[in-house]
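Working notes, beginning with the structure itself.
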Amino acid sequence: MKIKMLPNWCKKLGLLIFTVGFIISGYKDFMMGFTRALDATKFNYFENLFSNSVIHLLEIGSILGMVIYLMSREKIEDDYINKLRLESFQLTSFIGLAITIISYSISEEIKLTLDYFIILFLWFYLIIFALKKRIY
């Protein structure tokens with residue numbers, strides 16, 4: 001099966017969109033975790049510039065940027081790259097299902113939104129595909 005892919009230059013566009021969205025939307029959470037601060041008001045730099053709906057749109061933009069990056073062609077695109085994509089997607093799906101089932105069976109009280117699972121899925125796919133591409 002031949003998959004329609006975006007051109008190779010879309011990798012740069014997707015990386016740019018992901019980086020901008022990720023930095024602006026995740027700055028406060030990253031700094032709170034990095035400094036172990038309990039007071040979130042110290043890191044409200046972007047929250048003071050943008051409203052919550054704009055920050056939410058930037059979170060969606062970071063997810064879309066990663067999807068654009070992952071759906072872009074490689075410089076050398078052949079059937080073997082398509083096979084690696086399929087294997088990576090399958091392995092990522094199994095890992096994502098296992099994490100979801102294990103986390104739900106450990107505690108029903110886990111309050112994670114859908115974007116955590118989407119970002120985790122996309123990161124796993126990106127890492128597995130890169131590792132498979134380097135190994136083979």
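By convention in this document, the chains of the structure tokens carry letters A, B, ... by their order, each chain's residues are numbered from 1, and ligands are numbered from 1 in the order they are shown.
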
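Neighbours of Glu87 in chain A closer than or equal to 10 Å, with only C-alpha atoms counted and sequence neighbours fewer than 3 positions away skipped, come out as A:Ile81, A:Asn82, A:Lys83, A:Leu84, A:Gln90, A:Leu91, A:Thr92, A:Ser93, A:Tyr125, A:Ile128, A:Phe129, A:Lys132.
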
TODO: Could you please determine the separation between CA of Met5 in chain A and CA of Tyr69 in chain A in Å, to one decimal place?
DONE: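 Computed distance, CA of Met5 in chain A to CA of Tyr69 in chain A, equals 10.4 Å.
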
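Look at Ala130 in chain A: the protein and nucleic acid residues within 12 Å of it, using only C-alpha atoms and passing over chain neighbours fewer than 6 places away, are Leu70, Glu74, Ile81, Leu84, Arg85, Glu87, Ser88, Phe89, Trp123, Phe124 and Tyr136 of chain A.
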
Open item on the list: If DSSP is run on the backbone, what residues of chain A are alpha helix (DSSP H)? A reply as a VMD selection string would be ideal.
Closed with: chain A and resid 10 to 35 45 to 49 52 to 70 79 to 106 114 to 135

- [ ] May I have the residues within 12 Å of range 99-104 of chain A as a VMD selection string, using only C-alpha atoms and disregarding those fewer than 3 positions away in the same chain?
- [x] chain A and resid 92 to 96 107 to 112 114 116 to 118 120 to 121 124

Task: Exercise: Gly14 in chain A partners within 10 Å, only C-alpha atoms, chain neighbours under 3 positions left out, as a ChimeraX atom specification - done: /A:9-11,17-19,61-72

Open item on the list: Quick check, in Å to one decimal: how far apart do CA of Leu126 in chain A and CA of Ile55 in chain A lie?
Closed with: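 Separation between CA of Leu126 in chain A and CA of Ile55 in chain A: 24.2 Å.
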
Open item on the list: Considering only C-alpha atoms, can you say which of A:Ile127, A:Ser51, A:Leu122, A:Ser105 comes closest to Ile24 in chain A?
Closed with: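 Answer, going by the shortest atom-to-atom distance: A:Ser51.
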